[in-house]
>>> print(open('input.txt').read())   # compact mmCIF, C-alpha atoms and all ligand atoms
# COMPACT_ATOMS: atom_id res chain seq x y z
CA MET F 159 -17.72 2.18 -14.67
CA THR F 160 -20.09 -0.76 -15.31
CA ALA F 161 -23.45 -0.25 -13.60
CA LEU F 162 -24.03 -2.88 -10.91
CA THR F 163 -27.20 -4.89 -11.16
CA PRO F 164 -28.70 -5.89 -7.82
CA ASP F 165 -29.04 -9.55 -8.92
CA PRO F 166 -25.86 -11.44 -7.88
CA SER F 167 -26.92 -14.61 -9.75
CA LEU F 168 -26.22 -12.85 -13.05
CA HIS F 169 -22.49 -12.56 -12.30
CA ALA F 170 -19.64 -14.93 -11.67
CA LEU F 171 -18.49 -12.57 -8.97
CA LEU F 172 -20.05 -9.51 -7.40
CA LEU F 173 -18.63 -7.29 -4.66
CA GLN F 174 -20.63 -4.49 -3.12
CA ASP F 175 -18.92 -1.83 -1.02
CA VAL F 176 -16.33 -4.34 0.20
CA ALA F 177 -13.73 -3.18 2.70
CA ARG F 178 -11.08 -5.15 4.52
CA HIS F 179 -9.03 -3.33 7.13
CA TYR F 180 -6.12 -4.79 9.07
CA GLY F 181 -4.58 -3.69 12.36
CA SER F 182 -5.97 -1.34 14.96
CA PRO F 183 -9.40 0.24 14.26
CA HIS F 184 -7.83 3.60 15.23
CA ALA F 185 -5.15 3.42 12.55
CA PRO F 186 -6.24 0.64 10.17
CA VAL F 187 -4.35 -0.54 7.10
CA LYS F 188 -7.09 -0.27 4.47
CA ALA F 189 -6.16 -3.20 2.22
CA LEU F 190 -9.50 -2.76 0.43
CA ASP F 191 -11.88 0.12 0.91
CA GLY F 192 -15.34 0.41 -0.63
CA VAL F 193 -14.80 -1.85 -3.67
CA ASP F 194 -17.72 -2.48 -6.06
CA LEU F 195 -16.72 -5.08 -8.62
CA CYS F 196 -18.68 -7.09 -11.13
CA VAL F 197 -17.16 -9.99 -13.10
CA PRO F 198 -19.48 -11.33 -15.82
CA ARG F 199 -19.74 -15.09 -16.31
CA GLY F 200 -17.39 -16.72 -18.81
CA GLN F 201 -14.85 -13.90 -18.99
CA LEU F 202 -11.10 -13.79 -18.59
CA PHE F 203 -11.01 -10.85 -16.21
CA GLY F 204 -7.81 -9.07 -15.17
CA LEU F 205 -7.01 -7.55 -11.80
CA VAL F 206 -4.13 -5.10 -11.86
CA GLY F 207 -2.51 -2.91 -9.27
CA HIS F 208 0.91 -2.12 -7.81
CA ASN F 209 2.41 -3.97 -4.82
CA GLY F 210 0.09 -3.65 -1.84
CA ALA F 211 -2.88 -2.46 -3.95
CA GLY F 212 -5.09 -5.16 -2.40
CA LYS F 213 -5.20 -7.91 -5.05
CA SER F 214 -4.33 -10.86 -2.78
CA THR F 215 -6.71 -9.56 -0.11
CA LEU F 216 -9.48 -9.54 -2.70
CA PHE F 217 -8.72 -13.18 -3.61
CA LYS F 218 -8.73 -14.19 0.07
CA LEU F 219 -12.09 -12.48 0.58
CA VAL F 220 -13.61 -14.30 -2.42
CA LEU F 221 -12.32 -17.62 -1.08
CA GLY F 222 -13.79 -16.89 2.36
CA LEU F 223 -10.32 -17.08 3.95
CA VAL F 224 -10.74 -13.61 5.48
CA ARG F 225 -13.96 -11.78 6.31
CA PRO F 226 -14.81 -8.34 5.01
CA THR F 227 -14.77 -5.46 7.47
CA ARG F 228 -17.73 -4.11 5.52
CA GLY F 229 -19.79 -5.04 2.45
CA GLN F 230 -20.90 -8.26 0.74
CA LEU F 231 -19.52 -10.67 -1.85
CA TRP F 232 -21.32 -13.25 -4.02
CA VAL F 233 -19.69 -16.05 -6.01
CA GLN F 234 -21.93 -17.39 -8.77
CA GLY F 235 -24.95 -16.06 -6.92
CA ILE F 236 -23.97 -17.54 -3.53
CA GLU F 237 -23.04 -15.18 -0.71
CA VAL F 238 -19.47 -15.70 0.50
CA GLY F 239 -19.60 -16.79 4.15
CA GLY F 240 -23.33 -17.56 3.87
CA PRO F 241 -24.96 -20.97 4.57
CA ALA F 242 -24.58 -22.27 0.97
CA PHE F 243 -20.99 -21.08 0.52
CA ARG F 244 -19.29 -24.23 1.85
CA GLN F 245 -20.64 -26.22 -1.08
CA ALA F 246 -20.08 -23.41 -3.61
CA ARG F 247 -16.45 -23.23 -2.43
CA GLN F 248 -15.88 -26.69 -3.98
CA ARG F 249 -16.38 -25.14 -7.42
CA LEU F 250 -13.82 -22.40 -6.85
CA GLY F 251 -10.29 -23.00 -8.11
CA TYR F 252 -7.37 -21.04 -6.67
CA LEU F 253 -3.78 -20.82 -7.81
CA PRO F 254 -1.89 -18.79 -5.18
CA GLU F 255 1.20 -16.84 -6.14
CA HIS F 256 3.39 -19.11 -3.99
CA LEU F 257 2.06 -22.64 -3.66
CA ALA F 258 3.88 -24.86 -1.16
CA LEU F 259 4.63 -28.29 -2.63
CA TYR F 260 6.21 -31.36 -0.98
CA ASP F 261 9.41 -32.02 -2.89
CA ASN F 262 9.45 -35.75 -2.10
CA LEU F 263 6.00 -36.47 -3.51
CA SER F 264 5.55 -37.14 -7.22
CA GLY F 265 3.37 -34.82 -9.30
CA LEU F 266 0.62 -37.44 -9.29
CA GLU F 267 0.83 -38.01 -5.51
CA THR F 268 0.73 -34.24 -4.99
CA LEU F 269 -2.40 -33.90 -7.07
CA GLN F 270 -4.03 -36.91 -5.38
CA LEU F 271 -3.35 -35.26 -2.02
CA PHE F 272 -5.02 -32.02 -3.17
CA ALA F 273 -7.94 -34.09 -4.54
CA ARG F 274 -8.45 -35.68 -1.11
CA LEU F 275 -8.29 -32.30 0.65
CA LYS F 276 -10.81 -30.89 -1.81
CA SER F 277 -13.03 -34.01 -1.89
CA ALA F 278 -12.54 -33.99 -5.66
CA ASP F 279 -12.51 -37.02 -7.96
CA ALA F 280 -9.03 -38.59 -7.73
CA ALA F 281 -9.59 -40.36 -11.07
CA ARG F 282 -9.26 -36.93 -12.73
CA CYS F 283 -5.64 -36.49 -11.55
CA LEU F 284 -3.81 -38.34 -14.31
CA PRO F 285 -5.97 -36.98 -17.19
CA LEU F 286 -5.47 -33.47 -15.78
CA LEU F 287 -1.69 -33.89 -15.65
CA ASP F 288 -1.81 -35.18 -19.24
CA GLU F 289 -3.88 -32.20 -20.34
CA LEU F 290 -1.29 -29.83 -18.86
CA GLY F 291 1.66 -31.62 -20.44
CA LEU F 292 2.85 -33.29 -17.22
CA GLY F 293 1.73 -36.83 -18.05
CA ALA F 294 5.27 -38.11 -18.70
CA ALA F 295 6.57 -36.52 -15.49
CA ALA F 296 3.60 -37.57 -13.32
CA ARG F 297 5.61 -40.15 -11.36
CA ARG F 298 8.77 -38.07 -10.98
CA PRO F 299 9.38 -36.34 -7.62
CA VAL F 300 8.46 -32.68 -7.54
CA ARG F 301 12.02 -31.76 -6.51
CA GLU F 302 13.05 -32.58 -10.10
CA TYR F 303 10.41 -30.25 -11.58
CA SER F 304 11.35 -26.96 -13.27
CA LYS F 305 9.63 -23.71 -12.29
CA GLY F 306 7.27 -24.08 -15.26
CA MET F 307 6.41 -27.68 -14.32
CA ARG F 308 5.69 -26.65 -10.71
CA GLN F 309 3.43 -23.91 -11.99
CA ARG F 310 1.53 -26.40 -14.16
CA LEU F 311 1.15 -28.75 -11.19
CA GLY F 312 -0.20 -25.84 -9.13
CA PHE F 313 -2.56 -25.03 -11.96
CA ALA F 314 -3.70 -28.68 -12.07
CA GLN F 315 -4.72 -28.55 -8.39
CA ALA F 316 -6.70 -25.35 -9.10
CA LEU F 317 -8.58 -27.23 -11.84
CA LEU F 318 -9.61 -30.14 -9.59
CA GLY F 319 -13.35 -30.25 -9.04
CA GLU F 320 -14.21 -28.61 -12.39
CA PRO F 321 -14.28 -25.03 -11.05
CA GLY F 322 -16.74 -22.54 -12.51
CA LEU F 323 -14.58 -19.67 -11.25
CA LEU F 324 -10.78 -19.74 -11.24
CA LEU F 325 -8.72 -17.28 -9.20
CA LEU F 326 -5.19 -16.96 -10.53
CA ASP F 327 -2.78 -14.85 -8.46
CA GLU F 328 0.25 -13.78 -10.53
CA PRO F 329 0.18 -17.13 -12.37
CA THR F 330 2.89 -16.31 -14.90
CA SER F 331 5.49 -14.72 -12.62
CA GLY F 332 8.83 -16.33 -13.38
CA LEU F 333 7.61 -18.20 -16.49
CA ASP F 334 9.49 -17.87 -19.78
CA PRO F 335 7.65 -16.52 -22.86
CA ALA F 336 6.89 -19.98 -24.29
CA ALA F 337 5.49 -21.25 -20.97
CA THR F 338 3.46 -18.04 -20.61
CA ARG F 339 2.01 -18.51 -24.10
CA ASP F 340 1.11 -22.17 -23.34
CA PHE F 341 -0.51 -21.09 -20.08
CA TYR F 342 -2.74 -18.54 -21.84
CA ALA F 343 -3.62 -21.12 -24.51
CA THR F 344 -4.95 -23.34 -21.68
CA LEU F 345 -6.93 -20.37 -20.31
CA ASP F 346 -8.45 -19.91 -23.77
CA ARG F 347 -9.61 -23.53 -23.80
CA LEU F 348 -11.14 -23.09 -20.34
CA ARG F 349 -12.90 -19.92 -21.45
CA GLN F 350 -14.42 -21.85 -24.36
CA ARG F 351 -15.83 -24.28 -21.78
CA GLY F 352 -17.48 -21.35 -19.98
CA VAL F 353 -15.07 -21.08 -17.02
CA THR F 354 -14.74 -17.57 -15.56
CA MET F 355 -11.20 -16.54 -14.63
CA LEU F 356 -9.96 -13.71 -12.45
CA ILE F 357 -6.26 -13.22 -13.04
CA SER F 358 -3.91 -10.78 -11.32
CA SER F 359 -0.67 -9.67 -12.90
CA HIS F 360 1.95 -6.94 -12.69
CA VAL F 361 2.77 -7.45 -16.35
CA LEU F 362 0.13 -5.26 -17.93
CA ALA F 363 1.41 -5.83 -21.47
CA GLU F 364 0.66 -9.53 -20.97
CA LEU F 365 -2.98 -8.90 -20.04
CA GLU F 366 -3.57 -6.16 -22.60
CA GLN F 367 -4.16 -8.47 -25.56
CA ARG F 368 -5.82 -11.27 -23.64
CA VAL F 369 -8.44 -10.17 -21.10
CA ASP F 370 -12.10 -9.47 -21.87
CA ALA F 371 -12.13 -6.79 -19.20
CA LEU F 372 -10.17 -5.75 -16.16
CA ALA F 373 -10.30 -3.85 -12.90
CA MET F 374 -7.60 -1.49 -11.68
CA LEU F 375 -6.87 -1.26 -7.96
CA SER F 376 -4.81 1.41 -6.27
CA ALA F 377 -4.23 1.60 -2.51
CA GLY F 378 -7.29 -0.55 -1.81
CA ARG F 379 -9.66 1.37 -4.06
CA LEU F 380 -11.08 0.38 -7.43
CA ILE F 381 -10.07 3.18 -9.78
CA ALA F 382 -11.49 1.78 -13.03
CA GLN F 383 -13.24 -1.26 -14.51
CA GLY F 384 -14.05 -2.16 -18.12
CA SER F 385 -12.60 -3.48 -21.36
CA VAL F 386 -9.13 -2.33 -22.45
CA ALA F 387 -10.85 -0.16 -25.09
CA ASP F 388 -13.19 1.39 -22.46
CA LEU F 389 -10.28 2.24 -20.19
CA ARG F 390 -8.20 3.62 -23.07
CA ALA F 391 -11.07 5.91 -24.01
CA ARG F 392 -10.86 7.40 -20.49
CA CYS F 393 -7.10 7.98 -20.72
CA THR F 394 -6.06 11.60 -21.16
CA ARG F 395 -2.60 10.80 -22.57
CA PRO F 396 -2.20 11.53 -26.29
CA LEU F 397 -1.96 8.98 -29.07
CA GLN F 398 1.27 8.97 -31.02
CA VAL F 399 0.98 9.15 -34.78
CA GLN F 400 4.13 8.53 -36.82
CA VAL F 401 4.38 9.22 -40.52
CA SER F 402 7.07 8.51 -43.09
CA ALA F 403 7.35 10.52 -46.29
CA THR F 404 9.84 12.39 -48.44
CA PRO F 405 11.56 15.37 -46.74
CA GLU F 406 9.57 17.77 -48.97
CA VAL F 407 6.21 16.30 -47.85
CA LEU F 408 7.30 16.29 -44.17
CA ASP F 409 8.39 19.96 -44.47
CA GLY F 410 4.83 20.88 -45.43
CA LEU F 411 3.08 19.00 -42.59
CA PRO F 412 3.48 21.58 -39.76
CA ALA F 413 1.45 24.09 -41.81
CA THR F 414 -1.14 21.43 -42.70
CA LEU F 415 -1.63 20.47 -39.03
CA ALA F 416 -1.40 23.98 -37.52
CA PRO F 417 -5.21 24.59 -37.79
CA LEU F 418 -5.70 21.60 -35.44
CA GLY F 419 -3.22 23.11 -32.97
CA LEU F 420 -0.89 20.11 -33.43
CA GLN F 421 2.88 20.48 -33.62
CA PRO F 422 4.64 17.56 -35.29
CA GLN F 423 8.22 16.71 -34.30
CA ARG F 424 10.78 15.43 -36.79
CA THR F 425 12.27 12.21 -35.38
CA ASP F 426 14.73 11.56 -38.21
CA ALA F 427 15.22 12.55 -41.82
CA GLY F 428 12.31 10.55 -43.18
CA ARG F 429 9.92 10.49 -40.21
CA LEU F 430 7.74 12.73 -38.14
CA GLN F 431 5.73 12.18 -34.94
CA VAL F 432 2.56 13.90 -33.76
CA ASP F 433 1.25 13.66 -30.18
CA CYS F 434 -2.48 13.84 -30.69
CA PRO F 435 -5.33 14.15 -28.15
CA ARG F 436 -7.90 11.37 -28.69
CA GLU F 437 -10.62 13.79 -29.83
CA LEU F 438 -8.40 15.02 -32.67
CA LYS F 439 -7.53 11.54 -33.94
CA LEU F 440 -10.03 11.47 -36.83
CA PRO F 441 -9.48 15.10 -37.97
CA LEU F 442 -5.71 14.43 -37.92
CA LEU F 443 -6.02 11.20 -39.88
CA ALA F 444 -8.29 12.92 -42.42
CA ARG F 445 -5.63 15.58 -43.05
CA LEU F 446 -2.80 13.06 -43.21
CA ALA F 447 -4.75 10.83 -45.61
CA ALA F 448 -4.75 13.69 -48.12
CA GLN F 449 -0.91 13.72 -48.15
CA PRO F 450 1.37 11.49 -50.25
CA LEU F 451 2.76 9.54 -47.28
CA ALA F 452 4.94 6.43 -47.50
CA ASP F 453 3.61 5.02 -44.21
CA LEU F 454 1.56 5.89 -41.13
CA GLN F 455 1.35 4.28 -37.67
CA VAL F 456 -1.04 5.09 -34.84
CA GLN F 457 0.18 4.06 -31.41
CA GLU F 458 -2.49 3.90 -28.69
CA PRO F 459 -1.38 4.42 -25.06
CA THR F 460 -0.29 1.09 -23.55
CA LEU F 461 -2.33 -0.42 -20.72
CA GLU F 462 0.50 0.57 -18.39
CA THR F 463 0.21 4.23 -19.48
CA VAL F 464 -3.57 4.03 -19.05
CA TYR F 465 -3.11 2.61 -15.51
CA PHE F 466 -0.77 5.41 -14.43
CA ASP F 467 -3.01 8.03 -16.00
CA LEU F 468 -6.19 6.77 -14.32
CA ARG F 469 -4.34 6.36 -11.02
CA GLU F 470 -3.20 9.99 -11.12
CA ALA F 471 -6.73 11.12 -11.92
CA ALA F 472 -8.35 9.02 -9.14
N1 LIG L 501 -2.45 -10.00 7.39
C1 LIG L 501 -2.20 -8.70 7.20
N2 LIG L 501 -1.97 -7.89 8.25
C2 LIG L 501 -1.72 -6.57 8.08
N3 LIG L 501 -1.68 -5.95 6.88
C3 LIG L 501 -1.90 -6.73 5.80
C4 LIG L 501 -2.16 -8.13 5.91
N4 LIG L 501 -2.33 -8.62 4.65
C5 LIG L 501 -2.18 -7.58 3.79
N5 LIG L 501 -1.91 -6.44 4.50
C6 LIG L 501 -1.71 -5.11 3.92
O1 LIG L 501 -2.80 -4.83 3.06
C7 LIG L 501 -2.35 -4.14 1.88
C8 LIG L 501 -2.75 -4.92 0.65
O2 LIG L 501 -2.00 -6.14 0.60
P1 LIG L 501 -2.22 -7.25 -0.54
O3 LIG L 501 -1.29 -8.38 -0.21
O4 LIG L 501 -3.65 -7.54 -0.65
O5 LIG L 501 -1.73 -6.46 -1.84
P2 LIG L 501 -1.33 -7.02 -3.29
O6 LIG L 501 -1.95 -6.09 -4.27
O7 LIG L 501 -1.67 -8.46 -3.39
O8 LIG L 501 0.24 -6.83 -3.29
P3 LIG L 501 1.40 -7.66 -4.09
O9 LIG L 501 1.20 -7.33 -5.54
O10 LIG L 501 2.65 -7.10 -3.52
O11 LIG L 501 1.19 -9.13 -3.79
C9 LIG L 501 -0.85 -3.96 2.05
O12 LIG L 501 -0.62 -2.69 2.62
C10 LIG L 501 -0.48 -5.06 3.04
O13 LIG L 501 0.66 -4.69 3.79
>>> encode(input="input.txt", output="C-alpha cells")
Amino acid sequence: MTALTPDPSLHALLLQDVARHYGSPHAPVKALDGVDLCVPRGQLFGLVGHNGAGKSTLFKLVLGLVRPTRGQLWVQGIEVGGPAFRQARQRLGYLPEHLALYDNLSGLETLQLFARLKSADAARCLPLLDELGLGAAARRPVREYSKGMRQRLGFAQALLGEPGLLLLDEPTSGLDPAATRDFYATLDRLRQRGVTMLISSHVLAELEQRVDALAMLSAGRLIAQGSVADLRARCTRPLQVQVSATPEVLDGLPATLAPLGLQPQRTDAGRLQVDCPRELKLPLLARLAAQPLADLQVQEPTLETVYFDLREAA
C-alpha cells in the first residue's frame, strides 16, 4: 500500500481513517470503515468494488454531501466540510451514475441551468457541447437524445467550472464500445491538461488498460491500492504460459520442467499450457527459450482475477 504523507496539499484527494456508518449505532451498516486513500494529482484513478462496496458513499463524502462518522478528507489540500471547502467545491466536477435530466429542455438549456446552479460561466456551455460532440444537437430537446448523448450531456455539466478533480460514478454503464472509447479519449485529453479523475466501474477489464492506479474496496474496507502492475505482483494466482511446438518437442517438455515442479497440460495436439507461480516465471521462460518452440504466450492474471484474489486474502 502507498505510504500516506501527512501533507494533504500534495494530493488531489486524501482520506485518513474515514468511516461512514448508516442506521442505528448499535447495529450500523458500515458503508465505509477506516479507509486511508491517496489519489496523486493528475492521475486517472480507478475505484473498484462489488455492489454495496462503498464507492458511491465515498463520492458523496468527497463532495461533502454526507459527513464522515469518523476520519478526515482533503480535496486538493482543502478539508472537506471545513471553512474553505465551499469555494473548493466549485472546482469539483461530479458525474453521478444516474443524472436526472428534464426531457423538455434542450441540451444547451440543460447545461445553462447547471451553469447557473454552479455559478459557472454560461458562455462555456456551447463550446463544451461542441467539444463533446453535441454541438449539432445542442438545441434539440433532451427527450430525443440517445443514452450516449445523455451521458455526454451529463459529462458536460461535470466539466462546468473547469474542475481540477472529476468524480465519475460508473460513467460508461450502458454505453456501446465506440461511445466508451470516445469517452476515454476525452478523459485522456483532460489528463493531459492536468485534471485528476476518480472513476468507479464494475467493468474491470475496461479500467485495466487505462488507469494510472486504482483502489479496491470490499464491504467498506480498502483492500488494496496501487498501479495495476503493483496489484498484480501481490496476486497469488498463477500466470498461464502457453507454448506451441511440434508434438515431439511438446512430449519432451514435462521432463524439462519437472525440476521446477511444474506440470504442463496438453491443451490440443500442437499446444501445451503451464500454470506458473510468479516467482518461477523467469526460470520457466529461461528453460522454454532453450527449446525449438513455434510460439509462446504469457497470460498475466486479469484485473478481475487480481480483485477476487486480494479480496479473499483480505
Ligand atoms: N442512505 C443510506 N442508508 C442506509 N444504508 C445505506 C445508505 N446509502 C448506502 N447504504 C449502504 O451502504 C453500503 C454501501 O453502499 P454504496 O451505495 O456506497 O455502495 P456502492 O459500492 O456504490 O454500490 P453499487 O456499486 O451497487 O452502486 C451498502 O450496504 C448500502 O446499502
>>> residues_around(input="input.txt", residues="stretch 331-335 of chain F", least_positions_apart="6", cutoff="9 Å", atoms="all atoms listed in the file", output="list in words")
Glu255, Lys305, Gly306, Gln309, Ser359, His360 and Val361 of chain F
>>> residues_around(input="input.txt", residues="F:Gln400", least_positions_apart="5", cutoff="10 Å", atoms="only C-alpha atoms", output="list of chain:residue names")
F:Pro422, F:Gln423, F:Arg424, F:Thr425, F:Arg429, F:Leu430, F:Gln431, F:Val432, F:Asp433, F:Asp453, F:Leu454, F:Gln455, F:Val456, F:Gln457
>>> closest_residue(input="input.txt", among="F:Met374, F:Ala189, F:Ala336, F:Ala343", to="ligand LIG 501 (chain L)", atoms="all atoms listed in the file")
F:Ala189
>>> residues_near_ligand(input="input.txt", ligand="ligand LIG 501 (chain L)", cutoff="10 Å", atoms="only C-alpha atoms and all ligand atoms", output="PyMOL selection string")
chain F and resi 178-182+186-190+205-219+224+255+327-328+358-360+375-378
>>> write_last_selection(input="input.txt", atoms="C-alpha atoms", output="PDB file, keeping the file's coordinate frame")
ATOM      1  CA  ARG F 178     -11.080  -5.150   4.520  1.00  0.00           C
ATOM      2  CA  HIS F 179      -9.030  -3.330   7.130  1.00  0.00           C
ATOM      3  CA  TYR F 180      -6.120  -4.790   9.070  1.00  0.00           C
ATOM      4  CA  GLY F 181      -4.580  -3.690  12.360  1.00  0.00           C
ATOM      5  CA  SER F 182      -5.970  -1.340  14.960  1.00  0.00           C
ATOM      6  CA  PRO F 186      -6.240   0.640  10.170  1.00  0.00           C
ATOM      7  CA  VAL F 187      -4.350  -0.540   7.100  1.00  0.00           C
ATOM      8  CA  LYS F 188      -7.090  -0.270   4.470  1.00  0.00           C
ATOM      9  CA  ALA F 189      -6.160  -3.200   2.220  1.00  0.00           C
ATOM     10  CA  LEU F 190      -9.500  -2.760   0.430  1.00  0.00           C
ATOM     11  CA  LEU F 205      -7.010  -7.550 -11.800  1.00  0.00           C
ATOM     12  CA  VAL F 206      -4.130  -5.100 -11.860  1.00  0.00           C
ATOM     13  CA  GLY F 207      -2.510  -2.910  -9.270  1.00  0.00           C
ATOM     14  CA  HIS F 208       0.910  -2.120  -7.810  1.00  0.00           C
ATOM     15  CA  ASN F 209       2.410  -3.970  -4.820  1.00  0.00           C
ATOM     16  CA  GLY F 210       0.090  -3.650  -1.840  1.00  0.00           C
ATOM     17  CA  ALA F 211      -2.880  -2.460  -3.950  1.00  0.00           C
ATOM     18  CA  GLY F 212      -5.090  -5.160  -2.400  1.00  0.00           C
ATOM     19  CA  LYS F 213      -5.200  -7.910  -5.050  1.00  0.00           C
ATOM     20  CA  SER F 214      -4.330 -10.860  -2.780  1.00  0.00           C
ATOM     21  CA  THR F 215      -6.710  -9.560  -0.110  1.00  0.00           C
ATOM     22  CA  LEU F 216      -9.480  -9.540  -2.700  1.00  0.00           C
ATOM     23  CA  PHE F 217      -8.720 -13.180  -3.610  1.00  0.00           C
ATOM     24  CA  LYS F 218      -8.730 -14.190   0.070  1.00  0.00           C
ATOM     25  CA  LEU F 219     -12.090 -12.480   0.580  1.00  0.00           C
ATOM     26  CA  VAL F 224     -10.740 -13.610   5.480  1.00  0.00           C
ATOM     27  CA  GLU F 255       1.200 -16.840  -6.140  1.00  0.00           C
ATOM     28  CA  ASP F 327      -2.780 -14.850  -8.460  1.00  0.00           C
ATOM     29  CA  GLU F 328       0.250 -13.780 -10.530  1.00  0.00           C
ATOM     30  CA  SER F 358      -3.910 -10.780 -11.320  1.00  0.00           C
ATOM     31  CA  SER F 359      -0.670  -9.670 -12.900  1.00  0.00           C
ATOM     32  CA  HIS F 360       1.950  -6.940 -12.690  1.00  0.00           C
ATOM     33  CA  LEU F 375      -6.870  -1.260  -7.960  1.00  0.00           C
ATOM     34  CA  SER F 376      -4.810   1.410  -6.270  1.00  0.00           C
ATOM     35  CA  ALA F 377      -4.230   1.600  -2.510  1.00  0.00           C
ATOM     36  CA  GLY F 378      -7.290  -0.550  -1.810  1.00  0.00           C
TER      37      GLY F 378
END
>>> atom_distance(input="input.txt", atom1="atom CA of F:Tyr465", atom2="atom CA of F:Leu348")
27.4 Å
>>> closest_residue(input="input.txt", among="F:Arg297, F:Ala177, F:Leu253, F:Asp191", to="F:Gln230", atoms="only C-alpha atoms")
F:Ala177
>>> closest_residue(input="input.txt", among="F:Arg347, F:Leu324, F:Ile357, F:Leu257", to="F:Leu311", atoms="only C-alpha atoms")
F:Leu257
>>> residues_around(input="input.txt", residues="F:Thr463", least_positions_apart="6", cutoff="12 Å", atoms="all atoms listed in the file", output="VMD selection string")
chain F and resid 362 to 363 366 386 389 to 390 392 to 397 457 469 to 470
>>> atom_distance(input="input.txt", atom1="atom CA of F:Pro198", atom2="atom CA of F:Leu171")
7.0 Å
